[in-house]
file run.pdb (PDB, C-alpha atoms, pLDDT in the B column)
ATOM      1  CA  MET G   1       0.000   0.000   0.000  1.00 76.00           C
ATOM      2  CA  ALA G   2       2.720   2.427   0.950  1.00 79.00           C
ATOM      3  CA  SER G   3       4.768   1.512  -2.113  1.00 82.00           C
ATOM      4  CA  LEU G   4       1.675   2.052  -4.260  1.00 86.00           C
ATOM      5  CA  VAL G   5       1.344   5.579  -2.845  1.00 87.00           C
ATOM      6  CA  MET G   6       4.996   6.233  -3.648  1.00 87.00           C
ATOM      7  CA  ILE G   7       4.526   5.054  -7.224  1.00 89.00           C
ATOM      8  CA  TYR G   8       1.468   7.297  -7.660  1.00 91.00           C
ATOM      9  CA  VAL G   9       3.422  10.277  -6.360  1.00 92.00           C
ATOM     10  CA  CYS G  10       6.219   9.450  -8.792  1.00 92.00           C
ATOM     11  CA  VAL G  11       3.682   9.332 -11.642  1.00 94.00           C
ATOM     12  CA  VAL G  12       2.402  12.776 -10.620  1.00 94.00           C
ATOM     13  CA  GLY G  13       5.965  14.093 -10.527  1.00 93.00           C
ATOM     14  CA  ALA G  14       6.723  12.636 -13.956  1.00 94.00           C
ATOM     15  CA  ILE G  15       3.588  14.264 -15.402  1.00 95.00           C
ATOM     16  CA  GLY G  16       4.745  17.541 -13.850  1.00 94.00           C
ATOM     17  CA  MET G  17       8.125  17.138 -15.555  1.00 94.00           C
ATOM     18  CA  LEU G  18       6.359  16.562 -18.879  1.00 95.00           C
ATOM     19  CA  ILE G  19       4.299  19.737 -18.388  1.00 94.00           C
ATOM     20  CA  GLY G  20       7.471  21.702 -17.621  1.00 93.00           C
ATOM     21  CA  MET G  21       9.180  20.260 -20.686  1.00 94.00           C
ATOM     22  CA  ALA G  22       6.219  21.300 -22.872  1.00 94.00           C
ATOM     23  CA  LEU G  23       6.362  24.866 -21.520  1.00 93.00           C
ATOM     24  CA  LEU G  24      10.129  25.036 -22.096  1.00 93.00           C
ATOM     25  CA  LEU G  25       9.685  23.718 -25.623  1.00 93.00           C
ATOM     26  CA  GLY G  26       7.367  26.664 -26.247  1.00 92.00           C
ATOM     27  CA  ARG G  27      10.053  29.070 -25.080  1.00 91.00           C
ATOM     28  CA  ALA G  28      12.711  27.290 -27.132  1.00 92.00           C
ATOM     29  CA  ILE G  29      10.567  27.663 -30.259  1.00 92.00           C
ATOM     30  CA  ALA G  30       9.422  31.222 -29.618  1.00 89.00           C
ATOM     31  CA  GLY G  31      12.592  32.596 -28.009  1.00 78.00           C
ATOM     32  CA  PRO G  32      13.450  35.964 -29.499  1.00 85.00           C
ATOM     33  CA  SER G  33      17.206  35.626 -29.099  1.00 88.00           C
ATOM     34  CA  PHE G  34      19.639  32.755 -29.408  1.00 90.00           C
ATOM     35  CA  TYR G  35      20.424  32.837 -25.689  1.00 91.00           C
ATOM     36  CA  ASP G  36      16.759  32.314 -24.783  1.00 92.00           C
ATOM     37  CA  ARG G  37      16.837  29.155 -26.831  1.00 93.00           C
ATOM     38  CA  ALA G  38      20.085  27.987 -25.241  1.00 92.00           C
ATOM     39  CA  LEU G  39      18.650  28.578 -21.767  1.00 93.00           C
ATOM     40  CA  ALA G  40      15.418  26.770 -22.620  1.00 93.00           C
ATOM     41  CA  VAL G  41      17.278  23.781 -24.084  1.00 93.00           C
ATOM     42  CA  ASN G  42      19.548  23.568 -21.039  1.00 93.00           C
ATOM     43  CA  SER G  43      16.584  23.642 -18.673  1.00 93.00           C
ATOM     44  CA  PHE G  44      14.786  21.112 -20.874  1.00 94.00           C
ATOM     45  CA  GLY G  45      17.727  18.771 -20.453  1.00 93.00           C
ATOM     46  CA  THR G  46      17.640  19.120 -16.674  1.00 93.00           C
ATOM     47  CA  LYS G  47      13.953  18.234 -16.675  1.00 94.00           C
ATOM     48  CA  ALA G  48      14.614  15.310 -18.988  1.00 94.00           C
ATOM     49  CA  VAL G  49      17.137  13.983 -16.461  1.00 94.00           C
ATOM     50  CA  LEU G  50      14.572  14.259 -13.676  1.00 94.00           C
ATOM     51  CA  PHE G  51      11.889  12.618 -15.812  1.00 94.00           C
ATOM     52  CA  LEU G  52      14.266   9.758 -16.613  1.00 94.00           C
ATOM     53  CA  CYS G  53      15.008   9.162 -12.916  1.00 93.00           C
ATOM     54  CA  LEU G  54      11.301   9.196 -12.010  1.00 94.00           C
ATOM     55  CA  PHE G  55      10.318   6.973 -14.926  1.00 94.00           C
ATOM     56  CA  SER G  56      12.997   4.376 -14.276  1.00 93.00           C
ATOM     57  CA  LEU G  57      11.842   4.088 -10.654  1.00 91.00           C
ATOM     58  CA  ILE G  58       8.164   3.922 -11.708  1.00 92.00           C
ATOM     59  CA  ILE G  59       8.676   0.961 -14.004  1.00 92.00           C
ATOM     60  CA  GLY G  60      10.936  -0.662 -11.422  1.00 88.00           C
ATOM     61  CA  ARG G  61      14.099  -0.789 -13.521  1.00 89.00           C
ATOM     62  CA  PRO G  62      16.692   1.455 -11.894  1.00 86.00           C
ATOM     63  CA  ASP G  63      19.120   1.048 -14.805  1.00 89.00           C
ATOM     64  CA  GLY G  64      17.755   4.264 -16.250  1.00 90.00           C
ATOM     65  CA  VAL G  65      19.486   6.238 -13.528  1.00 92.00           C
ATOM     66  CA  ASP G  66      22.839   5.439 -15.199  1.00 93.00           C
ATOM     67  CA  ILE G  67      21.534   6.990 -18.405  1.00 93.00           C
ATOM     68  CA  ALA G  68      20.376   9.964 -16.350  1.00 93.00           C
ATOM     69  CA  ILE G  69      23.928  10.492 -15.045  1.00 93.00           C
ATOM     70  CA  LEU G  70      25.233  10.365 -18.594  1.00 94.00           C
ATOM     71  CA  TYR G  71      22.580  12.782 -19.812  1.00 94.00           C
ATOM     72  CA  ALA G  72      23.226  15.249 -16.993  1.00 92.00           C
ATOM     73  CA  LEU G  73      26.924  15.439 -17.873  1.00 93.00           C
ATOM     74  CA  MET G  74      26.306  15.582 -21.616  1.00 94.00           C
ATOM     75  CA  ASN G  75      23.738  18.340 -21.185  1.00 93.00           C
ATOM     76  CA  PHE G  76      26.253  20.610 -19.479  1.00 93.00           C
ATOM     77  CA  ILE G  77      29.008  19.914 -21.999  1.00 94.00           C
ATOM     78  CA  ALA G  78      26.630  20.457 -24.917  1.00 93.00           C
ATOM     79  CA  THR G  79      25.458  23.791 -23.509  1.00 93.00           C
ATOM     80  CA  VAL G  80      29.010  25.063 -23.067  1.00 91.00           C
ATOM     81  CA  ALA G  81      30.009  23.783 -26.510  1.00 91.00           C
ATOM     82  CA  ILE G  82      27.029  25.445 -28.201  1.00 91.00           C
ATOM     83  CA  LEU G  83      27.749  28.759 -26.493  1.00 90.00           C
ATOM     84  CA  LYS G  84      31.423  28.576 -27.409  1.00 88.00           C
ATOM     85  CA  PHE G  85      30.694  27.690 -30.996  1.00 88.00           C
ATOM     86  CA  PHE G  86      28.240  30.510 -31.508  1.00 86.00           C
ATOM     87  CA  ARG G  87      30.639  33.008 -29.919  1.00 83.00           C
ATOM     88  CA  TYR G  88      33.838  32.090 -31.782  1.00 81.00           C
ATOM     89  CA  ARG G  89      32.360  30.172 -34.746  1.00 77.00           C
ATOM     90  CA  ALA G  90      34.933  27.467 -34.010  1.00 74.00           C
ATOM     91  CA  LEU G  91      35.496  24.865 -31.348  1.00 73.00           C
ATOM     92  CA  ASP G  92      39.317  24.841 -31.174  1.00 74.00           C
ATOM     93  CA  VAL G  93      39.593  28.142 -29.309  1.00 71.00           C
ATOM     94  CA  PRO G  94      40.939  27.827 -25.752  1.00 69.00           C
ATOM     95  CA  LEU G  95      38.324  28.855 -23.227  1.00 63.00           C
ATOM     96  CA  ALA G  96      40.841  30.238 -20.730  1.00 66.00           C
ATOM     97  CA  GLN G  97      42.138  32.858 -23.122  1.00 60.00           C
ATOM     98  CA  ARG G  98      40.413  36.165 -22.580  1.00 61.00           C
ATOM     99  CA  PRO G  99      39.256  37.986 -25.670  1.00 58.00           C
ATOM    100  CA  GLN G 100      41.040  41.306 -26.118  1.00 61.00           C
ATOM    101  CA  ARG G 101      38.320  43.673 -25.167  1.00 60.00           C
ATOM    102  CA  LYS G 102      39.383  46.973 -26.735  1.00 57.00           C
ATOM    103  CA  SER G 103      39.959  45.779 -30.270  1.00 53.00           C
ATOM    104  CA  ALA G 104      36.970  43.447 -30.124  1.00 48.00           C
ATOM    105  CA  GLY G 105      34.738  46.186 -28.738  1.00 47.00           C
ATOM    106  CA  LYS G 106      35.851  48.740 -31.310  1.00 46.00           C
ATOM    107  CA  GLY G 107      35.596  46.233 -34.113  1.00 44.00           C
ATOM    108  CA  GLY G 108      32.198  45.040 -32.986  1.00 41.00           C
ATOM    109  CA  ALA G 109      30.838  48.523 -32.362  1.00 39.00           C
TER     110      ALA G 109
ATOM    111  CA  MET N   1       3.543 -24.206  29.700  1.00 49.00           C
ATOM    112  CA  ALA N   2       0.560 -23.527  27.498  1.00 50.00           C
ATOM    113  CA  GLU N   3      -0.307 -20.468  29.528  1.00 51.00           C
ATOM    114  CA  VAL N   4       3.207 -19.062  29.129  1.00 52.00           C
ATOM    115  CA  LYS N   5       3.112 -19.594  25.367  1.00 53.00           C
ATOM    116  CA  HIS N   6      -0.230 -17.819  25.099  1.00 55.00           C
ATOM    117  CA  ASP N   7       1.123 -14.931  27.142  1.00 56.00           C
ATOM    118  CA  ALA N   8       4.149 -14.561  24.873  1.00 55.00           C
ATOM    119  CA  ALA N   9       1.961 -14.490  21.773  1.00 55.00           C
ATOM    120  CA  ALA N  10      -0.271 -11.795  23.235  1.00 56.00           C
ATOM    121  CA  HIS N  11       2.782  -9.811  24.245  1.00 57.00           C
ATOM    122  CA  ALA N  12       4.275 -10.064  20.770  1.00 57.00           C
ATOM    123  CA  ALA N  13       1.069  -8.872  19.078  1.00 62.00           C
ATOM    124  CA  ALA N  14       0.730  -5.867  21.334  1.00 66.00           C
ATOM    125  CA  PRO N  15       3.562  -3.529  20.082  1.00 78.00           C
ATOM    126  CA  LEU N  16       3.044  -1.279  17.121  1.00 80.00           C
ATOM    127  CA  PRO N  17       3.822  -2.538  13.619  1.00 84.00           C
ATOM    128  CA  TRP N  18       7.033  -0.538  13.245  1.00 85.00           C
ATOM    129  CA  GLY N  19       7.813  -1.826   9.783  1.00 85.00           C
ATOM    130  CA  GLU N  20       4.526  -0.567   8.381  1.00 86.00           C
ATOM    131  CA  ILE N  21       4.842   2.755  10.196  1.00 88.00           C
ATOM    132  CA  PHE N  22       8.346   3.204   8.808  1.00 88.00           C
ATOM    133  CA  GLU N  23       7.104   2.441   5.298  1.00 88.00           C
ATOM    134  CA  TRP N  24       4.336   5.023   5.562  1.00 90.00           C
ATOM    135  CA  ALA N  25       6.727   7.624   6.953  1.00 90.00           C
ATOM    136  CA  GLN N  26       9.090   6.941   4.068  1.00 90.00           C
ATOM    137  CA  ALA N  27       6.219   7.241   1.590  1.00 91.00           C
ATOM    138  CA  PHE N  28       4.988  10.541   3.022  1.00 91.00           C
ATOM    139  CA  LEU N  29       8.491  12.045   3.232  1.00 93.00           C
ATOM    140  CA  SER N  30       9.458  11.084  -0.302  1.00 92.00           C
ATOM    141  CA  GLY N  31       6.033  12.078  -1.633  1.00 92.00           C
ATOM    142  CA  GLY N  32       6.235  15.498  -0.026  1.00 93.00           C
ATOM    143  CA  LEU N  33       9.747  16.063  -1.356  1.00 94.00           C
ATOM    144  CA  ILE N  34       8.824  14.958  -4.882  1.00 94.00           C
ATOM    145  CA  LEU N  35       5.670  17.091  -4.982  1.00 94.00           C
ATOM    146  CA  THR N  36       7.568  20.143  -3.675  1.00 94.00           C
ATOM    147  CA  GLY N  37      10.244  19.621  -6.313  1.00 94.00           C
ATOM    148  CA  ALA N  38       7.645  19.229  -9.065  1.00 94.00           C
ATOM    149  CA  PHE N  39       6.004  22.472  -7.933  1.00 94.00           C
ATOM    150  CA  PHE N  40       9.309  24.330  -8.143  1.00 93.00           C
ATOM    151  CA  VAL N  41      10.156  22.856 -11.533  1.00 93.00           C
ATOM    152  CA  ILE N  42       6.778  23.815 -13.014  1.00 93.00           C
ATOM    153  CA  ALA N  43       7.066  27.290 -11.468  1.00 93.00           C
ATOM    154  CA  GLY N  44      10.479  27.683 -13.106  1.00 92.00           C
ATOM    155  CA  ALA N  45       9.112  26.555 -16.463  1.00 93.00           C
ATOM    156  CA  ILE N  46       6.229  29.028 -16.242  1.00 93.00           C
ATOM    157  CA  GLY N  47       8.759  31.717 -15.286  1.00 92.00           C
ATOM    158  CA  ILE N  48      10.908  30.950 -18.305  1.00 91.00           C
ATOM    159  CA  LEU N  49       7.848  31.083 -20.538  1.00 90.00           C
ATOM    160  CA  ARG N  50       6.277  34.259 -19.135  1.00 89.00           C
ATOM    161  CA  MET N  51       9.071  36.546 -17.917  1.00 86.00           C
ATOM    162  CA  PRO N  52       9.560  39.633 -20.072  1.00 85.00           C
ATOM    163  CA  ASP N  53      13.324  39.627 -20.474  1.00 87.00           C
ATOM    164  CA  PHE N  54      16.197  37.236 -21.004  1.00 89.00           C
ATOM    165  CA  TYR N  55      17.929  38.036 -17.712  1.00 89.00           C
ATOM    166  CA  THR N  56      14.754  37.615 -15.677  1.00 89.00           C
ATOM    167  CA  ARG N  57      14.199  34.316 -17.451  1.00 90.00           C
ATOM    168  CA  ILE N  58      17.687  33.243 -16.371  1.00 91.00           C
ATOM    169  CA  HIS N  59      16.725  34.069 -12.809  1.00 89.00           C
ATOM    170  CA  ALA N  60      13.633  31.858 -12.981  1.00 89.00           C
ATOM    171  CA  ALA N  61      15.562  29.029 -14.626  1.00 87.00           C
ATOM    172  CA  GLY N  62      18.637  29.006 -12.421  1.00 85.00           C
ATOM    173  CA  MET N  63      16.958  29.298  -9.048  1.00 83.00           C
ATOM    174  CA  THR N  64      14.054  26.934  -9.471  1.00 84.00           C
ATOM    175  CA  ASP N  65      15.867  24.343 -11.544  1.00 85.00           C
ATOM    176  CA  THR N  66      18.539  23.768  -8.940  1.00 87.00           C
ATOM    177  CA  MET N  67      16.078  23.689  -6.066  1.00 89.00           C
ATOM    178  CA  GLY N  68      13.420  21.579  -7.775  1.00 91.00           C
ATOM    179  CA  ALA N  69      15.946  19.061  -9.075  1.00 92.00           C
ATOM    180  CA  GLU N  70      17.533  18.645  -5.650  1.00 93.00           C
ATOM    181  CA  PHE N  71      14.133  18.180  -3.996  1.00 94.00           C
ATOM    182  CA  ILE N  72      12.997  15.560  -6.500  1.00 94.00           C
ATOM    183  CA  LEU N  73      16.255  13.617  -6.342  1.00 94.00           C
ATOM    184  CA  LEU N  74      16.220  13.762  -2.539  1.00 94.00           C
ATOM    185  CA  GLY N  75      12.690  12.344  -2.565  1.00 94.00           C
ATOM    186  CA  LEU N  76      13.773   9.528  -4.862  1.00 93.00           C
ATOM    187  CA  ILE N  77      16.762   8.810  -2.601  1.00 93.00           C
ATOM    188  CA  VAL N  78      14.427   8.560   0.414  1.00 92.00           C
ATOM    189  CA  GLN N  79      12.167   6.267  -1.562  1.00 90.00           C
ATOM    190  CA  SER N  80      14.859   3.864  -2.723  1.00 89.00           C
ATOM    191  CA  GLY N  81      16.556   3.492   0.667  1.00 86.00           C
ATOM    192  CA  PHE N  82      20.114   2.250   1.165  1.00 89.00           C
ATOM    193  CA  THR N  83      20.696   0.712  -2.250  1.00 90.00           C
ATOM    194  CA  GLN N  84      22.980   1.174  -5.211  1.00 91.00           C
ATOM    195  CA  THR N  85      20.223   3.126  -6.959  1.00 91.00           C
ATOM    196  CA  SER N  86      20.302   5.603  -4.110  1.00 93.00           C
ATOM    197  CA  LEU N  87      24.030   6.144  -4.625  1.00 93.00           C
ATOM    198  CA  LYS N  88      23.512   6.740  -8.343  1.00 93.00           C
ATOM    199  CA  LEU N  89      20.734   9.221  -7.612  1.00 93.00           C
ATOM    200  CA  LEU N  90      23.076  11.002  -5.202  1.00 93.00           C
ATOM    201  CA  LEU N  91      25.614  11.186  -8.024  1.00 93.00           C
ATOM    202  CA  VAL N  92      22.996  12.696 -10.358  1.00 93.00           C
ATOM    203  CA  ALA N  93      22.063  15.224  -7.666  1.00 93.00           C
ATOM    204  CA  PHE N  94      25.720  16.168  -7.167  1.00 93.00           C
ATOM    205  CA  PHE N  95      26.348  16.647 -10.884  1.00 92.00           C
ATOM    206  CA  LEU N  96      23.190  18.717 -11.327  1.00 92.00           C
ATOM    207  CA  PHE N  97      24.089  20.796  -8.272  1.00 92.00           C
ATOM    208  CA  ILE N  98      27.480  21.595  -9.798  1.00 92.00           C
ATOM    209  CA  THR N  99      26.627  21.943 -13.479  1.00 92.00           C
ATOM    210  CA  SER N 100      23.243  23.686 -13.453  1.00 92.00           C
ATOM    211  CA  PRO N 101      24.391  27.030 -11.952  1.00 91.00           C
ATOM    212  CA  THR N 102      27.589  26.843 -14.012  1.00 92.00           C
ATOM    213  CA  ALA N 103      25.659  26.455 -17.247  1.00 93.00           C
ATOM    214  CA  THR N 104      23.297  29.263 -16.292  1.00 92.00           C
ATOM    215  CA  HIS N 105      26.249  31.501 -15.521  1.00 92.00           C
ATOM    216  CA  ALA N 106      27.893  30.595 -18.834  1.00 92.00           C
ATOM    217  CA  ILE N 107      24.739  31.499 -20.762  1.00 92.00           C
ATOM    218  CA  ALA N 108      24.359  34.796 -18.896  1.00 91.00           C
ATOM    219  CA  HIS N 109      28.028  35.679 -19.403  1.00 90.00           C
ATOM    220  CA  ALA N 110      27.899  34.857 -23.102  1.00 90.00           C
ATOM    221  CA  ALA N 111      24.733  36.905 -23.547  1.00 90.00           C
ATOM    222  CA  HIS N 112      26.255  39.883 -21.731  1.00 88.00           C
ATOM    223  CA  LEU N 113      29.503  39.673 -23.701  1.00 86.00           C
ATOM    224  CA  SER N 114      27.554  39.562 -26.941  1.00 85.00           C
ATOM    225  CA  GLY N 115      25.909  42.855 -26.022  1.00 81.00           C
ATOM    226  CA  LEU N 116      22.390  41.759 -25.142  1.00 80.00           C
ATOM    227  CA  LYS N 117      20.933  44.504 -22.974  1.00 80.00           C
ATOM    228  CA  PRO N 118      18.550  43.841 -20.121  1.00 79.00           C
ATOM    229  CA  LYS N 119      15.207  45.613 -20.071  1.00 76.00           C
ATOM    230  CA  LEU N 120      15.445  48.200 -17.344  1.00 72.00           C
ATOM    231  CA  GLY N 121      13.162  50.986 -16.229  1.00 68.00           C
ATOM    232  CA  PRO N 122      14.893  54.209 -15.273  1.00 65.00           C
ATOM    233  CA  TYR N 123      18.379  52.663 -15.230  1.00 62.00           C
ATOM    234  CA  GLU N 124      20.780  51.766 -18.000  1.00 64.00           C
ATOM    235  CA  ALA N 125      22.963  48.714 -18.304  1.00 60.00           C
ATOM    236  CA  PRO N 126      26.709  49.363 -17.781  1.00 62.00           C
ATOM    237  CA  GLU N 127      28.895  49.303 -20.853  1.00 66.00           C
ATOM    238  CA  LEU N 128      31.374  46.506 -21.326  1.00 64.00           C
ATOM    239  CA  GLU N 129      34.359  48.892 -21.305  1.00 66.00           C
ATOM    240  CA  ASP N 130      33.322  50.313 -17.917  1.00 66.00           C
ATOM    241  CA  ILE N 131      33.118  46.833 -16.462  1.00 62.00           C
ATOM    242  CA  GLY N 132      36.548  45.899 -17.831  1.00 58.00           C
ATOM    243  CA  LYS N 133      38.173  48.978 -16.264  1.00 59.00           C
ATOM    244  CA  GLY N 134      37.310  47.964 -12.744  1.00 53.00           C
ATOM    245  CA  ASP N 135      39.122  44.672 -12.339  1.00 50.00           C
ATOM    246  CA  GLY N 136      42.181  45.636 -14.340  1.00 46.00           C
ATOM    247  CA  ALA N 137      41.690  42.959 -16.953  1.00 43.00           C
TER     248      ALA N 137
END

call {"tool": "encode", "arguments": {"input": "run.pdb", "output": "structure tokens"}}
result
Amino acid sequence: MASLVMIYVCVVGAIGMLIGMALLLGRAIAGPSFYDRALAVNSFGTKAVLFLCLFSLIIGRPDGVDIAILYALMNFIATVAILKFFRYRALDVPLAQRPQRKSAGKGGA
Amino acid sequence: MAEVKHDAAAHAAAPLPWGEIFEWAQAFLSGGLILTGAFFVIAGAIGILRMPDFYTRIHAAGMTDTMGAEFILLGLIVQSGFTQTSLKLLLVAFFLFITSPTATHAIAHAAHLSGLKPKLGPYEAPELEDIGKGDGA
């Protein structure tokens, strides 16, 4: 009985994650700027990780939590890579190097 | 002898069923944590969808995502008990706790460096050159 209650609560939480993912998909489609879309996709990935954890415990196969770990790490790396690519238009730029502000600012402005 | 046996059986049936009570406490604790986390996650999603500006959207995303994710994973840890699954869920919670604010900060920094201005009322956003002067970079 108690485990049944826990599974029902997990189902409610998973449905909540799906609702949040639908709302974020709306923002990712309608986002005015590129950074809105990047933020929405990053948040979507976080909610996908949570949905995966809940779902794998609902169906009683906790192997999905491994995939959730993988997805959490890949989500972060993908976000940073997308931001870096759309800033420098290349991926082989070292992240630690600071862009020279004066020339970049004058050139950009 | 028979009387003693009967007494022992009555004495054993008298105490509370601690196993069942523990199960219900576990169910209520994990259920409350999961529902609180789901509330925060949905609130963050509504904030991302409805806030007027990119930087306010970042606020909604960063705060509620971290908090809601930690609550939900804590509820799942309580539900699964002392198992290997619980350790994996703790690992997921740790990674999300580290990477979610970092990713939000990276997006905000990239947006600010690219010159995206926040919507402000009577104030103006500081220029990039003025910010660079301060820290001597």

call {"tool": "interface_residues", "arguments": {"input": "run.pdb", "of": "chain N", "to": "chain G", "cutoff": "9 Å", "atoms": "only C-alpha atoms", "output": "PyMOL selection string"}}
result
chain N and resi 20+23-28+30-32+34-35+37-39+41-46+48-50+54+57-58+61-62+65+69+72-73+76+79-80+85+88-89+91-93+95-96+99-100+102-104+106-108+110-111+114+116+128-129+132+137

call {"tool": "atom_distance", "arguments": {"input": "run.pdb", "atom1": "atom CA of N:Ile98", "atom2": "atom CA of N:Lys119"}}
result
28.9 Å

call {"tool": "closest_residue", "arguments": {"input": "run.pdb", "among": "N:Leu113, N:Val78, N:Thr83, N:Leu16", "to": "G:Tyr88", "atoms": "only C-alpha atoms"}}
result
N:Leu113

call {"tool": "atom_distance", "arguments": {"input": "run.pdb", "atom1": "atom CA of N:Gly115", "atom2": "atom CA of G:Ala81"}}
result
19.5 Å

call {"tool": "atom_distance", "arguments": {"input": "run.pdb", "atom1": "atom CA of N:Phe94", "atom2": "atom CA of G:Gly45"}}
result
15.7 Å

call {"tool": "closest_residue", "arguments": {"input": "run.pdb", "among": "N:Gly75, N:Met67, N:Pro52, N:Pro118", "to": "N:Leu29", "atoms": "all atoms listed in the file"}}
result
N:Gly75

call {"tool": "residues_around", "arguments": {"input": "run.pdb", "residues": "N:Phe97", "least_positions_apart": "4", "cutoff": "8 Å", "atoms": "only C-alpha atoms", "output": "ChimeraX atom specification"}}
result
/N:66,70,93,101

call {"tool": "axis_aligned_box", "arguments": {"input": "run.pdb", "around": "stretch 84-89 of chain G", "padding_each_side": "5 Å", "output": "lines of an AutoDock Vina configuration file"}}
result
center_x = 31.0
center_y = 30.3
center_z = -31.1
size_x = 15.6
size_y = 15.3
size_z = 17.3
